[in-house]
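Colleague: Sharing structure16.csv, CSV, C-alpha atoms:
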chain,number,residue,atom,x,y,z
D,164,MET,CA,117.2,55.6,63.3
D,165,LYS,CA,119.3,54.2,66.1
D,166,LYS,CA,121.1,57.5,66.4
D,167,ALA,CA,117.7,59.4,66.7
D,168,CYS,CA,116.6,56.9,69.4
D,169,GLU,CA,119.8,57.4,71.3
D,170,ASN,CA,119.3,61.2,71.2
D,171,THR,CA,115.7,60.9,72.4
D,172,CYS,CA,116.9,58.6,75.2
D,173,CYS,CA,119.5,61.2,76.2
D,174,ARG,CA,117.0,64.0,76.3
D,175,THR,CA,114.6,61.9,78.4
D,176,LYS,CA,117.3,61.1,80.8
D,177,SER,CA,118.3,64.8,81.0
D,178,VAL,CA,114.7,65.8,81.8
D,179,LYS,CA,114.5,63.1,84.5
D,180,LEU,CA,117.8,64.3,85.9
D,181,VAL,CA,116.5,67.9,86.1
D,182,SER,CA,113.4,66.7,87.9
D,183,MET,CA,115.4,64.7,90.4
D,184,ARG,CA,118.1,67.2,91.3
D,185,LYS,CA,117.9,70.7,92.6
D,186,ILE,CA,118.0,73.5,90.1
D,187,LYS,CA,121.0,75.7,90.9
D,188,ILE,CA,119.6,79.3,90.6
D,189,LEU,CA,121.4,82.6,91.1
D,190,PHE,CA,119.5,85.8,91.9
D,191,ALA,CA,121.2,89.2,91.4
D,192,ILE,CA,120.2,92.7,92.3
D,193,PRO,CA,122.4,95.9,92.6
D,194,ARG,CA,121.6,96.5,96.3
D,195,PHE,CA,118.8,96.2,98.8
D,196,SER,CA,117.8,99.8,99.0
D,197,VAL,CA,114.1,100.4,99.8
D,198,GLY,CA,112.1,99.9,96.6
D,199,GLY,CA,109.5,97.8,95.1
D,200,ALA,CA,111.9,95.4,93.3
D,201,GLU,CA,114.0,94.9,96.3
D,202,LYS,CA,111.0,94.3,98.6
D,203,PHE,CA,109.6,91.8,96.1
D,204,LEU,CA,112.8,89.9,95.9
D,205,VAL,CA,113.0,89.6,99.7
D,206,HIS,CA,109.5,88.0,99.7
D,207,HIS,CA,110.3,85.9,96.6
D,208,LEU,CA,113.3,84.3,98.2
D,209,LYS,CA,111.4,83.5,101.4
D,210,PHE,CA,108.8,81.5,99.4
D,211,LEU,CA,111.3,79.6,97.2
D,212,ASP,CA,111.1,75.8,97.7
D,213,THR,CA,114.6,74.9,98.9
D,214,ALA,CA,113.9,71.3,98.3
D,215,ARG,CA,113.7,72.1,94.6
D,216,TYR,CA,116.2,75.0,94.3
D,217,ASP,CA,119.8,75.5,95.3
D,218,VAL,CA,119.6,79.2,95.8
D,219,SER,CA,122.4,81.9,95.7
D,220,LEU,CA,121.9,85.7,96.0
D,221,ILE,CA,124.4,88.3,95.1
D,222,THR,CA,124.5,92.1,95.3
D,223,TYR,CA,126.9,94.4,93.4
D,224,PHE,CA,127.1,97.6,95.4
D,225,ASP,CA,128.0,98.0,99.0
D,226,GLU,CA,124.9,98.9,101.0
D,227,LYS,CA,125.7,102.3,102.4
D,228,HIS,CA,122.1,103.7,103.0
D,229,GLY,CA,120.4,100.9,104.8
D,230,SER,CA,118.5,97.9,103.4
D,231,CYS,CA,115.0,96.4,103.0
D,232,ALA,CA,116.5,92.9,103.4
D,233,ASP,CA,115.8,91.3,106.7
D,234,GLU,CA,117.7,88.8,108.9
D,235,SER,CA,116.3,85.9,106.8
D,236,THR,CA,117.8,87.2,103.6
D,237,ARG,CA,121.2,85.5,103.1
D,238,ILE,CA,123.4,87.4,100.7
D,239,ASP,CA,126.1,84.9,99.4
D,240,ARG,CA,128.3,87.6,98.0
D,241,CYS,CA,128.5,91.4,97.8
D,242,PHE,CA,131.1,92.6,95.3
D,243,GLN,CA,131.5,95.9,97.1
D,244,ALA,CA,131.6,97.9,93.9
D,245,SER,CA,132.3,101.6,94.3
D,246,SER,CA,130.6,102.4,91.0
D,247,THR,CA,129.0,100.7,88.0
D,248,TRP,CA,132.3,100.6,86.2
D,249,ASP,CA,134.4,99.3,89.0
D,250,PHE,CA,136.5,96.9,86.9
D,251,GLY,CA,137.9,95.0,89.9
D,252,ALA,CA,134.4,94.3,91.0
D,253,ILE,CA,133.4,93.3,87.5
D,254,ARG,CA,136.2,90.8,87.2
D,255,ARG,CA,135.3,89.3,90.5
D,256,LEU,CA,131.6,89.1,89.4
D,257,PHE,CA,132.4,87.5,86.1
D,258,ARG,CA,134.6,84.9,87.8
D,259,TYR,CA,131.9,84.1,90.3
D,260,VAL,CA,129.3,83.5,87.7
D,261,ARG,CA,131.6,81.5,85.5
D,262,GLU,CA,132.7,79.2,88.3
D,263,GLY,CA,129.1,78.9,89.8
D,264,ASN,CA,127.8,76.4,87.1
D,265,PHE,CA,124.3,77.8,87.5
D,266,ASP,CA,121.3,76.4,85.7
D,267,VAL,CA,119.4,79.6,86.0
D,268,VAL,CA,120.4,83.3,86.5
D,269,VAL,CA,117.7,85.8,87.5
D,270,THR,CA,118.6,89.5,87.4
D,271,HIS,CA,116.7,92.6,88.8
D,272,LEU,CA,117.2,96.3,87.9
D,273,PHE,CA,119.5,97.8,85.3
D,274,THR,CA,123.0,97.3,86.7
D,275,ALA,CA,122.4,93.6,87.5
D,276,ASN,CA,120.5,93.2,84.2
D,277,LEU,CA,123.6,94.6,82.4
D,278,LEU,CA,126.6,93.2,84.2
D,279,VAL,CA,125.3,89.9,85.7
D,280,ARG,CA,123.3,89.1,82.6
D,281,THR,CA,126.5,89.7,80.5
D,282,ALA,CA,128.4,87.4,82.8
D,283,ALA,CA,125.7,84.8,82.5
D,284,VAL,CA,125.8,85.0,78.7
D,285,LEU,CA,129.6,84.6,78.6
D,286,ALA,CA,129.4,81.7,81.1
D,287,ARG,CA,126.7,80.0,78.9
D,288,VAL,CA,124.2,79.7,81.6
D,289,PRO,CA,121.3,77.7,80.1
D,290,VAL,CA,118.4,79.9,81.4
D,291,ILE,CA,118.6,83.6,81.9
D,292,LEU,CA,115.7,85.6,83.3
D,293,SER,CA,115.8,89.4,83.4
D,294,TYR,CA,113.2,91.4,85.3
D,295,GLU,CA,111.9,94.7,84.0
D,296,HIS,CA,110.1,96.2,87.0
D,297,ASN,CA,108.7,99.4,85.5
D,298,ILE,CA,108.2,101.6,82.5
D,299,TYR,CA,111.4,103.6,81.9
D,300,PRO,CA,110.9,106.3,79.3
D,301,ASN,CA,114.1,108.0,80.4
D,302,LYS,CA,116.5,105.2,79.6
D,303,ARG,CA,119.6,106.5,77.8
D,304,TYR,CA,120.2,105.3,74.2
D,305,TRP,CA,123.2,103.2,75.2
D,306,GLN,CA,121.1,101.4,77.9
D,307,ILE,CA,118.4,100.7,75.3
D,308,LEU,CA,121.0,99.3,72.9
D,309,MET,CA,122.6,97.1,75.6
D,310,ASP,CA,119.1,95.7,76.6
D,311,LYS,CA,118.3,95.0,73.0
D,312,LEU,CA,121.7,93.2,72.5
D,313,LEU,CA,121.5,91.1,75.6
D,314,SER,CA,117.9,90.2,74.9
D,315,ARG,CA,119.2,87.9,72.1
D,316,TRP,CA,120.6,85.5,74.8
D,317,THR,CA,118.0,86.2,77.4
D,318,THR,CA,115.5,83.3,77.8
D,319,ARG,CA,112.7,85.5,79.1
D,320,ILE,CA,112.2,89.1,80.2
D,321,VAL,CA,109.8,89.0,83.1
D,322,VAL,CA,107.5,92.1,83.5
D,323,ASP,CA,105.1,93.1,86.2
D,324,SER,CA,102.4,94.1,83.8
D,325,ASP,CA,101.3,94.0,80.2
D,326,ALA,CA,101.8,97.8,80.1
D,327,ALA,CA,105.5,97.3,80.8
D,328,LYS,CA,105.7,94.5,78.2
D,329,TYR,CA,104.2,96.7,75.4
D,330,PHE,CA,106.3,99.7,76.3
D,331,THR,CA,109.6,97.9,76.7
D,332,SER,CA,109.0,95.8,73.6
D,333,LYS,CA,108.4,99.0,71.5
D,334,GLN,CA,111.2,101.1,73.1
D,335,GLU,CA,113.9,98.4,72.9
D,336,TRP,CA,112.8,96.7,69.6
D,337,ILE,CA,112.4,93.3,71.4
D,338,PRO,CA,109.7,90.8,70.2
D,339,GLN,CA,106.8,90.5,72.6
D,340,SER,CA,107.4,86.7,72.5
D,341,LYS,CA,110.5,87.3,74.7
D,342,PHE,CA,108.3,88.6,77.5
D,343,GLN,CA,106.5,86.9,80.3
D,344,THR,CA,104.0,88.9,82.4
D,345,ILE,CA,103.6,87.8,86.0
D,346,ILE,CA,101.8,90.4,88.1
D,347,ILE,CA,103.4,91.0,91.5
D,348,PRO,CA,100.8,90.5,94.3
D,349,PRO,CA,100.5,92.5,97.5
D,350,LEU,CA,103.5,91.8,99.6
D,351,LEU,CA,102.0,91.7,103.1
D,352,ASP,CA,103.5,89.9,106.1
D,353,GLY,CA,102.3,89.1,109.6
D,354,ARG,CA,105.0,91.0,111.6
D,355,LEU,CA,103.8,92.9,114.6
D,356,ARG,CA,103.7,96.6,113.9
D,357,ARG,CA,102.9,99.8,115.8
D,358,THR,CA,99.2,100.6,116.3
D,359,ARG,CA,97.7,103.6,114.5
D,360,ASP,CA,97.6,105.6,117.8
D,361,SER,CA,101.2,104.9,118.7
D,362,LEU,CA,102.4,105.7,115.2
D,363,LEU,CA,100.5,109.0,115.1
D,364,VAL,CA,101.8,109.9,118.6
D,365,SER,CA,105.4,109.3,117.4
D,366,LEU,CA,104.7,111.8,114.5
D,367,GLY,CA,102.9,114.4,116.7
D,368,ILE,CA,99.6,113.8,115.0
D,369,SER,CA,96.2,113.7,116.8
D,370,SER,CA,94.3,110.4,116.5
D,371,ASP,CA,91.3,112.0,114.9
D,372,ALA,CA,93.2,113.4,111.9
D,373,LEU,CA,92.7,112.2,108.4
D,374,ILE,CA,95.8,110.5,106.9
D,375,ALA,CA,96.8,110.4,103.3
D,376,VAL,CA,99.8,108.1,102.6
D,377,THR,CA,102.0,107.4,99.6
D,378,VAL,CA,105.1,105.2,99.7
D,379,SER,CA,107.6,105.0,96.9
D,380,ARG,CA,111.1,106.1,95.9
D,381,LEU,CA,111.5,109.8,95.6
D,382,VAL,CA,112.2,110.0,91.9
D,383,VAL,CA,110.7,112.1,89.0
D,384,ASP,CA,108.5,109.2,87.7
D,385,LYS,CA,106.6,108.9,90.9
D,386,GLY,CA,105.1,112.4,90.6
D,387,HIS,CA,105.5,113.5,94.2
D,388,ARG,CA,105.9,117.1,93.2
D,389,TYR,CA,102.3,117.1,91.9
D,390,LEU,CA,101.1,115.7,95.2
D,391,VAL,CA,102.9,118.4,97.2
D,392,ALA,CA,101.5,121.1,94.8
D,393,ALA,CA,98.0,119.7,95.4
D,394,THR,CA,98.2,119.8,99.2
D,395,PRO,CA,97.4,123.5,99.8
D,396,MET,CA,94.2,123.1,97.8
D,397,VAL,CA,93.2,120.1,99.9
D,398,LEU,CA,94.2,121.6,103.2
D,399,ALA,CA,92.1,124.7,102.5
D,400,LYS,CA,89.0,122.4,102.9
D,401,HIS,CA,90.5,119.7,105.2
D,402,PRO,CA,92.9,121.5,107.5
D,403,ASP,CA,93.2,118.4,109.8
D,404,THR,CA,94.6,116.2,107.1
D,405,TYR,CA,98.2,115.0,107.1
D,406,PHE,CA,100.1,113.8,104.1
D,407,LEU,CA,102.7,111.1,104.9
D,408,ILE,CA,105.3,110.6,102.1
D,409,GLY,CA,107.4,107.5,102.7
D,410,GLY,CA,110.5,106.7,100.7
D,411,TRP,CA,113.9,108.1,99.8
D,412,GLY,CA,115.7,109.1,96.7
D,413,PRO,CA,117.4,111.9,94.8
D,414,LEU,CA,114.4,114.3,94.9
D,415,GLN,CA,114.2,114.4,98.7
D,416,ASP,CA,115.9,117.8,99.2
D,417,GLU,CA,113.9,119.3,96.3
D,418,LEU,CA,110.6,118.0,97.7
D,419,GLU,CA,111.4,119.3,101.2
D,420,ALA,CA,112.1,122.7,99.7
D,421,GLN,CA,108.8,122.6,97.8
D,422,VAL,CA,107.0,121.7,101.0
D,423,GLU,CA,108.5,124.8,102.7
D,424,GLN,CA,107.7,127.0,99.6
D,425,PHE,CA,104.0,126.1,99.9
D,426,GLY,CA,104.0,126.6,103.6
D,427,VAL,CA,102.6,123.1,104.4
D,428,GLY,CA,105.5,121.8,106.5
D,429,ASP,CA,103.2,121.2,109.5
D,430,ARG,CA,100.9,118.9,107.4
D,431,VAL,CA,103.2,117.3,104.9
D,432,LYS,CA,105.8,114.9,106.3
D,433,ILE,CA,108.6,113.4,104.1
D,434,LEU,CA,109.5,110.4,106.3
D,435,GLY,CA,112.4,108.8,104.4
D,436,ARG,CA,112.7,105.0,104.7
D,437,VAL,CA,109.6,103.5,106.3
D,438,ASP,CA,107.8,100.2,106.7
D,439,GLY,CA,105.3,100.7,103.8
D,440,GLN,CA,102.9,98.2,105.2
D,441,GLU,CA,102.8,99.9,108.6
D,442,PHE,CA,102.1,103.3,107.1
D,443,THR,CA,99.6,102.0,104.6
D,444,SER,CA,97.6,100.3,107.3
D,445,ILE,CA,96.9,103.6,109.1
D,446,ALA,CA,95.9,105.5,105.9
D,447,ASP,CA,92.4,106.9,105.4
D,448,ILE,CA,93.3,107.2,101.7
D,449,TYR,CA,96.3,106.0,99.7
D,450,VAL,CA,97.6,108.3,96.9
D,451,ASP,CA,99.7,107.4,93.9
D,452,PRO,CA,100.6,110.5,91.8
D,453,SER,CA,102.9,108.7,89.3
D,454,VAL,CA,103.5,110.2,85.9
D,455,SER,CA,105.2,107.0,84.6
D,456,THR,CA,104.8,103.6,86.1
D,457,ASP,CA,103.4,100.1,85.4
D,458,LEU,CA,101.7,98.8,88.5
D,459,PRO,CA,103.2,100.0,91.8
D,460,ILE,CA,103.5,97.4,94.6
D,461,GLY,CA,102.2,100.1,97.0
D,462,ILE,CA,98.9,100.2,95.2
D,463,MET,CA,98.5,96.5,95.4
D,464,GLU,CA,99.2,96.5,99.1
D,465,ALA,CA,96.7,99.4,99.7
D,466,MET,CA,94.1,97.4,97.8
D,467,ARG,CA,94.7,94.4,99.9
D,468,GLU,CA,94.3,96.5,103.0
D,469,GLY,CA,91.0,97.8,101.7
D,470,LYS,CA,92.1,101.4,101.4
D,471,ALA,CA,90.4,104.1,99.4
D,472,ILE,CA,92.8,105.0,96.6
D,473,VAL,CA,93.4,108.1,94.4
D,474,ALA,CA,95.8,107.3,91.5
D,475,THR,CA,96.8,108.5,88.1
D,476,THR,CA,95.8,106.9,84.8
D,477,VAL,CA,99.2,105.6,83.8
D,478,GLY,CA,100.6,102.1,83.0
D,479,GLU,CA,98.5,99.3,84.4
D,480,ILE,CA,96.9,101.3,87.1
D,481,PRO,CA,93.5,101.9,85.4
D,482,ASN,CA,93.0,98.1,85.1
D,483,PHE,CA,93.1,97.9,88.9
D,484,ILE,CA,92.0,101.3,90.1
D,485,GLN,CA,88.8,101.7,88.1
D,486,ASN,CA,87.3,105.2,88.4
D,487,GLU,CA,84.3,105.3,90.7
D,488,LYS,CA,84.6,101.6,91.4
D,489,THR,CA,87.8,100.6,93.1
D,490,GLY,CA,89.1,104.2,93.6
D,491,LEU,CA,89.3,107.6,91.8
D,492,THR,CA,91.7,108.2,88.9
D,493,VAL,CA,93.0,111.5,87.5
D,494,PRO,CA,95.3,112.4,84.6
D,495,PRO,CA,99.1,112.4,85.5
D,496,GLY,CA,100.9,115.7,86.2
D,497,ASP,CA,97.7,117.6,87.1
D,498,PRO,CA,97.8,118.9,90.7
D,499,HIS,CA,94.3,120.5,90.5
D,500,ALA,CA,92.6,117.3,89.4
D,501,LEU,CA,94.6,115.4,92.0
D,502,ALA,CA,93.4,117.8,94.7
D,503,LEU,CA,89.8,117.6,93.6
D,504,ALA,CA,89.9,113.8,93.8
D,505,ILE,CA,91.6,113.7,97.2
D,506,ASP,CA,89.1,116.3,98.5
D,507,ARG,CA,86.2,114.2,97.3
D,508,MET,CA,87.5,111.1,98.8
D,509,LEU,CA,88.2,112.8,102.2
D,510,SER,CA,84.8,114.4,102.2
D,511,ASP,CA,82.8,111.2,101.6
D,512,GLU,CA,83.3,108.4,104.1
D,513,MET,CA,80.8,106.1,102.3
D,514,LEU,CA,82.8,106.5,99.1
D,515,ARG,CA,86.0,105.6,100.9
D,516,THR,CA,84.4,102.5,102.3
D,517,ARG,CA,82.8,101.4,99.1
D,518,CYS,CA,86.0,101.9,97.0
D,519,GLY,CA,88.2,100.2,99.6
D,520,THR,CA,85.9,97.2,99.8
D,521,ALA,CA,85.8,96.8,96.0
D,522,ALA,CA,89.5,97.2,95.7
D,523,LYS,CA,90.2,94.5,98.3
D,524,LYS,CA,87.9,92.1,96.5
D,525,LYS,CA,89.5,92.8,93.1
D,526,VAL,CA,93.0,92.1,94.3
D,527,GLU,CA,92.2,88.9,96.2
D,528,GLU,CA,93.0,86.6,93.2
D,529,TYR,CA,96.6,87.8,93.3
D,530,SER,CA,98.7,86.0,95.9
D,531,LEU,CA,102.4,85.2,96.4
D,532,GLU,CA,101.5,81.5,96.3
D,533,ASN,CA,100.0,81.9,92.8
D,534,TYR,CA,103.0,84.0,91.7
D,535,MET,CA,105.4,81.3,92.9
D,536,ARG,CA,103.5,78.6,91.2
D,537,THR,CA,103.7,80.5,87.9
D,538,PHE,CA,107.4,81.2,88.4
D,539,ASP,CA,108.2,77.5,89.2
D,540,GLU,CA,106.3,76.4,86.0
D,541,LEU,CA,108.2,78.9,84.0
D,542,VAL,CA,111.6,77.9,85.3
D,543,TYR,CA,111.1,74.2,85.2
D,544,GLY,CA,109.7,74.4,81.6
D,545,LEU,CA,112.7,76.5,80.4
D,546,VAL,CA,115.3,74.3,82.2
D,547,GLN,CA,113.8,71.2,80.6
D,548,LYS,CA,113.9,72.8,77.2
D,549,ASN,CA,117.5,73.7,77.6
As structure tokens, please, write out the structure in this file.

Modeller:
Amino acid sequence: MKKACENTCCRTKSVKLVSMRKIKILFAIPRFSVGGAEKFLVHHLKFLDTARYDVSLITYFDEKHGSCADESTRIDRCFQASSTWDFGAIRRLFRYVREGNFDVVVTHLFTANLLVRTAAVLARVPVILSYEHNIYPNKRYWQILMDKLLSRWTTRIVVDSDAAKYFTSKQEWIPQSKFQTIIIPPLLDGRLRRTRDSLLVSLGISSDALIAVTVSRLVVDKGHRYLVAATPMVLAKHPDTYFLIGGWGPLQDELEAQVEQFGVGDRVKILGRVDGQEFTSIADIYVDPSVSTDLPIGIMEAMREGKAIVATTVGEIPNFIQNEKTGLTVPPGDPHALALAIDRMLSDEMLRTRCGTAAKKKVEEYSLENYMRTFDELVYGLVQKN
């Protein structure tokens, strides 16, 4: 009995100690290329309460192609890896995590989820959180097996949507109880940006043109090829419309060739890395042609800006873009259906206004403050349990 009381007393003291001192937390991401996960982490770090957390941030790869991190994002260590299997970088990474004595390790995207999570497991970090930011039907078998194996020692797998939870749980044979859904809110900030007129002038576009915007990485899952294929049908009825595609990725050359093949190079502009908020703000409509996704941050930002949205019925999108209410939805991989929906939205200003207003109202309950509150409750609850 006395022994049990002593153990209870020790646990109580431990909980009080956790509440009194800062939680030492490490965030890890492969690099700060432009993407939804990277942009989210930048905002997340800005809103962390430094009175409650002792924060460290690491990246694995050298940033050779620019970054979405800003001057306020302090990277404590970049391991300058030349490839995923750079064994010198892996040794330095494992030593850093082992010597860091972290209470919590939080990893984003596959390379960090693999290497940093493994290092955290070996270092016996009490709480390990791994973010799964999308639906990944093209994961290789070895990647699925490693995720399955590491999930045994992962405290929680955080997902952006229930759609991602159900898909990942099924694909990787991981119990749904391991997952925590926290929907990422619109990531808008108050920085001064170019006006619509100045931005259009810089692109050689007249101020009275109709603008369709999409912003995401140029990868197969995002469905850009179907949007480009839809543009000739739209331009036949709306010749003064411009399609602005923001983002970069392995499909950029292929998409540029497709634009030339369809002869729409004067109306479809692939812009590379852009300020997504800046370009979304000037859109008459926002288009998401994804063929596989959960809930893109770009859609959430477009909703917060009150933009009319045309999107596909994949992942969590239909729960936010409800057909005829908060936007128009079409099946994925169907350029003809996509063109008809874009045509309808461009042709009907009242429809654009109605859908944009409804979308803005629907997304209002999702804020970064609410997200941070949920994150804090999750972390503190798990630290106290461990």

Colleague: Which value, in Å to one decimal, gives the distance between CA of Val382 (chain D) and CA of Val477 (chain D)?

Modeller: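 CA of Val477 (chain D) lies 15.9 Å from CA of Val382 (chain D).
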
Colleague: May I have a table of the residues of region 379-487 of chain D lying at most 10 Å from region 291-310 of chain D, giving each one's closest pair of atoms and their distance in Å to one decimal, counting only C-alpha atoms, ordered by chain and ascending residue number, as a tab-separated table?

Modeller:
residue	atom	partner	partner_atom	distance
D:Asp384	CA	D:Tyr299	CA	8.6
D:Ser455	CA	D:Ile298	CA	6.5
D:Thr456	CA	D:Ile298	CA	5.3
D:Asp457	CA	D:Asn297	CA	5.3
D:Leu458	CA	D:Asn297	CA	7.6
D:Pro459	CA	D:Asn297	CA	8.4
D:Val477	CA	D:Ile298	CA	9.9
D:Gly478	CA	D:Ile298	CA	7.6

Colleague: Residues within 12 Å of (96.6, 123.3, 101.6), file coordinates, counting only C-alpha atoms: what are they? Give the list as a PyMOL selection string.

Modeller: chain D and resi 390-406+422+424-431+498-499+502-503+505-506

Colleague: Rounded to one decimal in Å, what is the spacing between CA of Phe250 (chain D) and CA of Val267 (chain D)?

Modeller: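 Answer for the CA of Phe250 (chain D) to CA of Val267 (chain D) separation: 24.3 Å.
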
Colleague: Contacts of Ile337 (chain D) at 10 Å or less, counting all atoms listed in the file, minus same-chain residues fewer than 3 places along, as a VMD selection string?

Modeller: chain D and resid 310 to 312 314 to 315 320 328 to 329 331 to 334 340 to 342

Colleague: Between CA of Arg261 (chain D) and CA of Val218 (chain D), what is the distance, to one decimal in Å?

Modeller: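 Calculated distance between CA of Arg261 (chain D) and CA of Val218 (chain D) is 16.0 Å.
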
Colleague: Counting all atoms listed in the file, figure out which residue out of D:Gly198, D:Pro289, D:Pro413, D:Pro193 gets nearest to Thr274 (chain D).

Modeller: D:Pro193

Colleague: Could you name the residues that touch Ala521 (chain D) at 9 Å or less, counting all atoms listed in the file, but leaving out those on the same chain fewer than 2 positions away, as a short mmCIF file (atom, residue, chain, number, x, y, z; two decimals) with C-alpha atoms, in the coordinates of the input?

Modeller:
data_model
loop_
_atom_site.label_atom_id
_atom_site.label_comp_id
_atom_site.auth_asym_id
_atom_site.auth_seq_id
_atom_site.Cartn_x
_atom_site.Cartn_y
_atom_site.Cartn_z
CA MET D 466 94.10 97.40 97.80
CA GLY D 469 91.00 97.80 101.70
CA LYS D 488 84.60 101.60 91.40
CA THR D 489 87.80 100.60 93.10
CA GLY D 490 89.10 104.20 93.60
CA THR D 516 84.40 102.50 102.30
CA ARG D 517 82.80 101.40 99.10
CA CYS D 518 86.00 101.90 97.00
CA GLY D 519 88.20 100.20 99.60
CA LYS D 523 90.20 94.50 98.30
CA LYS D 524 87.90 92.10 96.50
CA LYS D 525 89.50 92.80 93.10
CA VAL D 526 93.00 92.10 94.30
#

Colleague: Using all atoms listed in the file, can you tell me which of D:Ile188, D:Ile238, D:Val542, D:Val376 comes closest to Ala283 (chain D)?

Modeller: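 Comparing D:Ile188, D:Ile238, D:Val542, D:Val376 against Ala283 (chain D), the winner is D:Ile188.
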
Colleague: Closest to Phe265 (chain D) among D:Thr476, D:Gln547, D:Ser219, D:Asn482, using all atoms listed in the file?

Modeller: D:Ser219
